[in-house]
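Notes follow once the structure below has been shown.
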Amino acid sequence: MRIRFAKSLLLASESSITEICYASGFNTLAHFERVFREKTGMSPIAFRKQADSR
């Protein structure tokens, strides 16, 4: 659920990855990036870039 929320923020906002990390309920950026990669197969930055290229 937190990753789904983070994905929506990555697509809909210009907030930094760090801001999205904390807004999504994660305590550390490293943990957020690790869990995000496990669930989506890509880093938050790559996810945002892929969405921007569409």
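Here's how to read the names in the structure tokens: chain A, B, ... by the order shown, residue numbers from 1 in each chain, ligand numbers from 1 in the order shown.
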
Can you pull out the residues contacting range 32-46 of chain A? Cut-off 10 Å, using only C-alpha atoms, and skip same-chain residues under 3 positions away; I want them as a CSV table (one decimal) with C-alpha atoms, in the first residue's frame.
```csv
chain,number,residue,atom,x,y,z
A,2,ARG,CA,2.8,2.4,0.8
A,3,ILE,CA,4.5,1.6,-2.5
A,4,ARG,CA,1.3,2.2,-4.4
A,6,ALA,CA,4.7,6.4,-3.5
A,7,LYS,CA,4.1,5.5,-7.1
A,10,LEU,CA,6.1,9.9,-8.2
A,16,SER,CA,11.9,14.8,-4.3
A,17,ILE,CA,12.4,11.1,-3.8
A,18,THR,CA,13.3,11.8,-0.2
A,20,ILE,CA,8.1,10.9,-1.2
A,21,CYS,CA,9.9,8.4,0.9
A,22,TYR,CA,8.9,10.1,4.2
A,24,SER,CA,4.9,7.3,2.2
A,25,GLY,CA,5.7,6.2,5.7
A,26,PHE,CA,9.3,5.0,5.3
A,27,ASN,CA,11.9,5.9,7.9
A,28,THR,CA,15.0,5.8,5.7
A,29,LEU,CA,15.6,6.5,2.1
A,49,LYS,CA,11.9,8.7,-15.7
A,50,GLN,CA,10.0,5.9,-17.4
A,51,ALA,CA,6.7,7.7,-16.7
A,52,ASP,CA,8.0,11.0,-18.0
```

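Within 12 Å of Arg54 in chain A, once only C-alpha atoms are used and residues closer than 6 positions along the same chain are dropped, the contacting residues are Leu11, Phe47 and Arg48 of chain A.
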
Write the residues you've just listed into a file as a compact mmCIF listing (two decimals), in the first residue's frame, and include N, CA, C and O atoms for each of them.
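The new file selection.txt reads:
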```txt
# COMPACT_ATOMS: atom_id res chain seq x y z
N LEU A 11 4.35 9.93 -9.87
CA LEU A 11 3.73 10.28 -11.14
C LEU A 11 3.08 11.66 -11.12
O LEU A 11 3.08 12.36 -12.14
N PHE A 47 11.58 4.72 -12.19
CA PHE A 47 10.13 4.70 -12.36
C PHE A 47 9.62 6.06 -12.83
O PHE A 47 8.83 6.14 -13.76
N ARG A 48 10.11 7.11 -12.21
CA ARG A 48 9.68 8.46 -12.58
C ARG A 48 10.14 8.80 -14.01
O ARG A 48 9.37 9.34 -14.79
```

Please give the complete set of residues from chain A that DSSP, run on the backbone, assigns to helix (DSSP H, G or I), formatted as a PyMOL selection string. chain A and resi 2-12+17-23+29-40+44-52

Please, could you write that set of residues out with C-alpha atoms as a PDB file, in the first residue's frame?
```pdb
ATOM      1  CA  ARG A   2       2.839   2.411   0.808  1.00  0.00           C
ATOM      2  CA  ILE A   3       4.524   1.602  -2.507  1.00  0.00           C
ATOM      3  CA  ARG A   4       1.261   2.219  -4.372  1.00  0.00           C
ATOM      4  CA  PHE A   5       1.012   5.615  -2.660  1.00  0.00           C
ATOM      5  CA  ALA A   6       4.663   6.376  -3.474  1.00  0.00           C
ATOM      6  CA  LYS A   7       4.094   5.471  -7.126  1.00  0.00           C
ATOM      7  CA  SER A   8       1.160   7.876  -7.325  1.00  0.00           C
ATOM      8  CA  LEU A   9       3.264  10.663  -5.805  1.00  0.00           C
ATOM      9  CA  LEU A  10       6.122   9.949  -8.210  1.00  0.00           C
ATOM     10  CA  LEU A  11       3.727  10.281 -11.142  1.00  0.00           C
ATOM     11  CA  ALA A  12       1.699  13.250  -9.931  1.00  0.00           C
ATOM     12  CA  ILE A  17      12.413  11.113  -3.804  1.00  0.00           C
ATOM     13  CA  THR A  18      13.322  11.804  -0.176  1.00  0.00           C
ATOM     14  CA  GLU A  19      10.099  13.743   0.431  1.00  0.00           C
ATOM     15  CA  ILE A  20       8.078  10.948  -1.164  1.00  0.00           C
ATOM     16  CA  CYS A  21       9.930   8.391   0.945  1.00  0.00           C
ATOM     17  CA  TYR A  22       8.893  10.071   4.199  1.00  0.00           C
ATOM     18  CA  ALA A  23       5.382  10.948   2.976  1.00  0.00           C
ATOM     19  CA  LEU A  29      15.646   6.455   2.070  1.00  0.00           C
ATOM     20  CA  ALA A  30      17.718   3.275   1.741  1.00  0.00           C
ATOM     21  CA  HIS A  31      14.855   1.100   2.988  1.00  0.00           C
ATOM     22  CA  PHE A  32      12.348   2.878   0.719  1.00  0.00           C
ATOM     23  CA  GLU A  33      14.553   2.410  -2.350  1.00  0.00           C
ATOM     24  CA  ARG A  34      15.177  -1.270  -1.521  1.00  0.00           C
ATOM     25  CA  VAL A  35      11.480  -2.079  -1.005  1.00  0.00           C
ATOM     26  CA  PHE A  36      10.442  -0.042  -4.050  1.00  0.00           C
ATOM     27  CA  ARG A  37      12.937  -1.929  -6.238  1.00  0.00           C
ATOM     28  CA  GLU A  38      11.761  -5.298  -4.851  1.00  0.00           C
ATOM     29  CA  LYS A  39       8.102  -4.498  -5.578  1.00  0.00           C
ATOM     30  CA  THR A  40       8.438  -2.734  -8.939  1.00  0.00           C
ATOM     31  CA  PRO A  44      12.046   5.258  -7.768  1.00  0.00           C
ATOM     32  CA  ILE A  45      14.130   7.497 -10.045  1.00  0.00           C
ATOM     33  CA  ALA A  46      13.884   5.029 -12.947  1.00  0.00           C
ATOM     34  CA  PHE A  47      10.131   4.698 -12.356  1.00  0.00           C
ATOM     35  CA  ARG A  48       9.682   8.457 -12.585  1.00  0.00           C
ATOM     36  CA  LYS A  49      11.884   8.739 -15.700  1.00  0.00           C
ATOM     37  CA  GLN A  50       9.979   5.932 -17.421  1.00  0.00           C
ATOM     38  CA  ALA A  51       6.679   7.659 -16.668  1.00  0.00           C
ATOM     39  CA  ASP A  52       8.013  10.982 -17.951  1.00  0.00           C
TER      40      ASP A  52
END
```
